[in-house]
Amino acid sequence: MEPKSTQSSRATRSSLACLPCRSRHLKCDGKRPCCDRCSETKNQCTYAQSRRGGLSKAALAERRQRLAEPSKNRHVNHKNSATVIFRQSQDDLAPSQLDFPQEYPIFNLGAIATGDSFLQVMDTVPPVNIETDPLVDSYYKKFHICHPFVLPKHHLETLHQDPRRQQEFLPLIAAIRLVGNIYKERELSDPLKEHLEASISQAVASDPIIVQCRLLYSMALFWYEKKVDAKSQMDMANKLAIELQMFHCEFAVTQGADDLVLRESWRRTWWMLYIIEAYYAGTLGTMNFQVINIDATVELPCDEADYESGNIPASKTLHEFDCREFDPRDIHFSSFGYLIGAVQCAASAISATPTVVTAEDSTYIMQAADASLDGWLRLLPPDRKQVMNAAGEVDELMFQAHLVIHVSTIGLHRPLSALKFNAIESESSCAREPPIDTPIPDSVNIHTIRVRRAIEAQIQLLALPVRQFHHTPFTTCMVSEGTLALLSDCRFLLKGRELAIARDQIRMTIGCLKTLGEFWPRTARNVEEIQKIAQCVLGLACGGNNFNSPGLSDTPSLETYWDSSTSDFSNNDIEMGQILANMDLRNVDICGMWMG
């Protein structure tokens, strides 16, 4: 029998923690029949039954030798090795013994697959000190501000210092380093990809942290032209989040326990899934929603400053946001909350609009869709109308929110406006289908003005005085659709100085996208495609010229190229058609659809 001192020293070890505390990665005092934490939360406290008293002497000696000599015998007895390196065995964590409400499943604690290939991959990536790791630092400086849903860096560092939790964060850190490497080295590293995939495969399949990993991985894959893999990762992230019921307010409380920052991170994870699903839908021209249509009760995220400082205030609800116009108080909502509201308005307006609009749809768009989008804009408090503060700092989330509203307006109104669709746009999923008939003149004017104002608002956002155009790659298609509409304005309506100004604006938008394209190959390809479209629409490719457009003083008149008073083909249209026939339009896909 072991001495009491030995038993006491083991009381706090995770191997003797109760199952509810273990599944949530919380410290447990190991008291029986009920630990203090379960007593406080009124959870049923249960412990895993030992299998014949634990490890045999031979197995224990083998494990000690392996830990003492990590470079030797690494591939011997993989099942036991994986148990030591990552998680407890399947038998020690039987899911049937977890005492949590079935409507909020925590983990599906299945067997963990192991093998030589995984251990070989893990050997190629050294242990990470996240406090000094340059890739982690790159992620937080470049990407986290665009999509702030994982834990703030200093809070992740604090949790990672606990040896018992380091393996828990292994997949997330691998995902963070993969994205950070894109900004630092401008490449999607194969070794880091393999390390991330191996880390995910070795984690508990239903650990909610895997939702964060797959979401990050999906975004990186998508903008590196790996659409099929990106869709697969996003689908798995959505599926797991729905299975775990992350959309319920109780989920963050259960998973975060007494860590308010961790609770906030789980709330943000659900809402980031919501936003990114909408971004994919807008980018790809699809309406296959898994997350957006779920009635979520999870609270809205707090301000970024509060999240970074760890001072998490009382949360607001989506219901409060949707009823803000009736409250006489000036209730404060975060930028994240307004972005969620913008996505909600856009998704509602666009999903209720036919893919191919007709004149009969004009009234609905003006009365219903516009009311939703305008309502978001008109209810903005003064501090949310401006996306740049006095110090020249851009509120990235409000920047995205404004772009979402403006690109939705363009997409809804352009098919019924005078900004006609060019032939080459049919190769781009950014362009809506043209109307099948001609709306009444009054409606044409209203729709045209709506589109033009949205384009102007978008241009103002892009022209903010910042050193570098640094935003989420998902702004690519938002900017692209506005650029296509602006090109149509140049083609059919603008003349003289207005045309020259528009040409300068097109230069600026292409320059902005080029900056994003330095990091994201899909954006770089989109830039080339817009350049090809612009050459044809503006008549610049007729003589085989490059995209070196004239300046303000020598911009040719619109009539030099076409007659905008008629929709019939002019000589220039015929010549442009010949150019299009010679171009390989199979490669022109500004925002292509999912494949497979």
# chains A, B, ... in the order shown; residues from 1 in each chain; ligands from 1
$ residues_around --residues "Arg503 in chain A" --least-positions-apart "3" --cutoff "8 Å" --atoms "only C-alpha atoms" --output "NGL selection string"
:A and (490 or 499-500 or 506-507 or 549)
$ write_last_selection --atoms "N, CA and C atoms" --output "PDB file, in the first residue's frame"
ATOM      1  N   CYS A 490     -18.299  53.379 -66.459  1.00  0.00           N
ATOM      2  CA  CYS A 490     -17.382  53.954 -67.453  1.00  0.00           C
ATOM      3  C   CYS A 490     -17.815  53.595 -68.869  1.00  0.00           C
ATOM      4  N   LEU A 499     -15.338  60.484 -66.096  1.00  0.00           N
ATOM      5  CA  LEU A 499     -14.735  59.250 -66.578  1.00  0.00           C
ATOM      6  C   LEU A 499     -13.276  59.149 -66.134  1.00  0.00           C
ATOM      7  N   ALA A 500     -12.559  60.271 -66.212  1.00  0.00           N
ATOM      8  CA  ALA A 500     -11.150  60.269 -65.805  1.00  0.00           C
ATOM      9  C   ALA A 500     -11.011  59.938 -64.320  1.00  0.00           C
ATOM     10  N   ILE A 506     -10.417  53.134 -60.456  1.00  0.00           N
ATOM     11  CA  ILE A 506     -10.156  51.746 -60.849  1.00  0.00           C
ATOM     12  C   ILE A 506      -8.693  51.402 -60.609  1.00  0.00           C
ATOM     13  N   ARG A 507      -7.797  52.348 -60.932  1.00  0.00           N
ATOM     14  CA  ARG A 507      -6.376  52.130 -60.648  1.00  0.00           C
ATOM     15  C   ARG A 507      -6.160  51.843 -59.160  1.00  0.00           C
ATOM     16  N   SER A 549      -3.365  53.149 -68.763  1.00  0.00           N
ATOM     17  CA  SER A 549      -4.448  54.042 -69.143  1.00  0.00           C
ATOM     18  C   SER A 549      -3.999  55.479 -69.101  1.00  0.00           C
TER      19      SER A 549
END
$ select_by_dssp --residues "range 138-240 of chain A" --states "helix (DSSP H, G or I)" --output "PyMOL selection string"
chain A and resi 138-142+153-160+163-165+170-185+190-202+209-222+227-240
$ residues_around --residues "range 511-519 of chain A" --least-positions-apart "5" --cutoff "12 Å" --atoms "only C-alpha atoms" --output "PyMOL selection string"
chain A and resi 142-143+179-188+220+223-224+459+461-464+466-480+483+504-506+524-531
$ write_last_selection --atoms "C-alpha atoms" --output "PDB file, in the first residue's frame"
ATOM      1  CA  LYS A 142      -1.480  40.372 -39.458  1.00  0.00           C
ATOM      2  CA  PHE A 143      -4.451  38.006 -39.348  1.00  0.00           C
ATOM      3  CA  VAL A 179      -1.366  31.249 -41.208  1.00  0.00           C
ATOM      4  CA  GLY A 180       1.423  33.295 -39.639  1.00  0.00           C
ATOM      5  CA  ASN A 181       3.909  31.731 -42.028  1.00  0.00           C
ATOM      6  CA  ILE A 182       1.830  32.922 -44.996  1.00  0.00           C
ATOM      7  CA  TYR A 183       2.375  36.521 -43.947  1.00  0.00           C
ATOM      8  CA  LYS A 184       6.004  36.016 -42.995  1.00  0.00           C
ATOM      9  CA  GLU A 185       7.240  33.820 -45.857  1.00  0.00           C
ATOM     10  CA  ARG A 186       4.394  34.313 -48.373  1.00  0.00           C
ATOM     11  CA  GLU A 187       3.862  30.616 -48.861  1.00  0.00           C
ATOM     12  CA  LEU A 188       1.599  27.821 -47.686  1.00  0.00           C
ATOM     13  CA  ALA A 220      -5.829  29.575 -45.692  1.00  0.00           C
ATOM     14  CA  TRP A 223      -7.093  31.769 -50.731  1.00  0.00           C
ATOM     15  CA  TYR A 224      -4.307  29.441 -51.814  1.00  0.00           C
ATOM     16  CA  ILE A 459     -14.228  53.906 -52.923  1.00  0.00           C
ATOM     17  CA  LEU A 461     -13.294  53.046 -47.712  1.00  0.00           C
ATOM     18  CA  LEU A 462     -10.521  51.983 -50.067  1.00  0.00           C
ATOM     19  CA  ALA A 463      -9.098  55.514 -50.148  1.00  0.00           C
ATOM     20  CA  LEU A 464      -8.559  55.760 -46.390  1.00  0.00           C
ATOM     21  CA  VAL A 466      -3.294  54.120 -44.421  1.00  0.00           C
ATOM     22  CA  ARG A 467       0.249  52.992 -45.155  1.00  0.00           C
ATOM     23  CA  GLN A 468      -0.770  49.651 -46.560  1.00  0.00           C
ATOM     24  CA  PHE A 469      -4.041  48.097 -47.693  1.00  0.00           C
ATOM     25  CA  HIS A 470      -4.167  45.360 -45.077  1.00  0.00           C
ATOM     26  CA  HIS A 471      -7.495  43.595 -44.724  1.00  0.00           C
ATOM     27  CA  THR A 472      -9.015  40.141 -44.822  1.00  0.00           C
ATOM     28  CA  PRO A 473      -8.650  38.411 -48.205  1.00  0.00           C
ATOM     29  CA  PHE A 474     -12.433  38.129 -48.257  1.00  0.00           C
ATOM     30  CA  THR A 475     -12.555  41.790 -49.256  1.00  0.00           C
ATOM     31  CA  THR A 476     -11.314  40.617 -52.667  1.00  0.00           C
ATOM     32  CA  CYS A 477     -14.698  39.846 -54.169  1.00  0.00           C
ATOM     33  CA  MET A 478     -16.422  42.681 -52.346  1.00  0.00           C
ATOM     34  CA  VAL A 479     -14.039  45.098 -54.047  1.00  0.00           C
ATOM     35  CA  SER A 480     -14.208  43.171 -57.325  1.00  0.00           C
ATOM     36  CA  THR A 483     -15.100  47.463 -59.624  1.00  0.00           C
ATOM     37  CA  ASP A 504      -8.206  56.720 -61.323  1.00  0.00           C
ATOM     38  CA  GLN A 505     -10.526  54.967 -58.886  1.00  0.00           C
ATOM     39  CA  ILE A 506     -10.156  51.746 -60.849  1.00  0.00           C
ATOM     40  CA  ALA A 524      -3.477  37.776 -57.309  1.00  0.00           C
ATOM     41  CA  ARG A 525      -5.289  35.759 -59.958  1.00  0.00           C
ATOM     42  CA  ASN A 526      -8.392  37.875 -59.502  1.00  0.00           C
ATOM     43  CA  VAL A 527      -6.325  41.010 -60.144  1.00  0.00           C
ATOM     44  CA  GLU A 528      -5.143  39.630 -63.474  1.00  0.00           C
ATOM     45  CA  GLU A 529      -8.701  38.752 -64.440  1.00  0.00           C
ATOM     46  CA  ILE A 530     -10.005  42.216 -63.581  1.00  0.00           C
ATOM     47  CA  GLN A 531      -7.215  43.719 -65.647  1.00  0.00           C
TER      48      GLN A 531
END
$ closest_residue --among "A:Gly539, A:Pro148, A:Pro465, A:Gly482" --to "Arg453 in chain A" --atoms "only C-alpha atoms"
A:Gly482
$ residues_around --residues "Gln344 in chain A" --least-positions-apart "6" --cutoff "9 Å" --atoms "only C-alpha atoms" --output "ChimeraX atom specification"
/A:275,278,292
$ atom_distance --atom1 "CA of Cys21 in chain A" --atom2 "CA of Cys45 in chain A"
8.8 Å
$ residues_around --residues "range 229-238 of chain A" --least-positions-apart "3" --cutoff "7 Å" --atoms "only C-alpha atoms" --output "JSON, numbers by chain"
{"A": [211, 214, 215, 217, 218, 219, 221, 222, 226, 241, 242, 290, 291]}
$ closest_residue --among "A:Pro328, A:Gln255, A:His248, A:Gly310" --to "Ala296 in chain A" --atoms "only C-alpha atoms"
A:His248
$ closest_residue --among "A:Leu178, A:Ile340, A:Ala198, A:Val261" --to "Val150 in chain A" --atoms "only C-alpha atoms"
A:Val261
$ closest_residue --among "A:Leu284, A:Ala342, A:Leu380, A:Met272" --to "Asp330 in chain A" --atoms "only C-alpha atoms"
A:Leu380
$ residues_around --residues "Met366 in chain A" --least-positions-apart "4" --cutoff "9 Å" --atoms "only C-alpha atoms" --output "count of residues only"
7
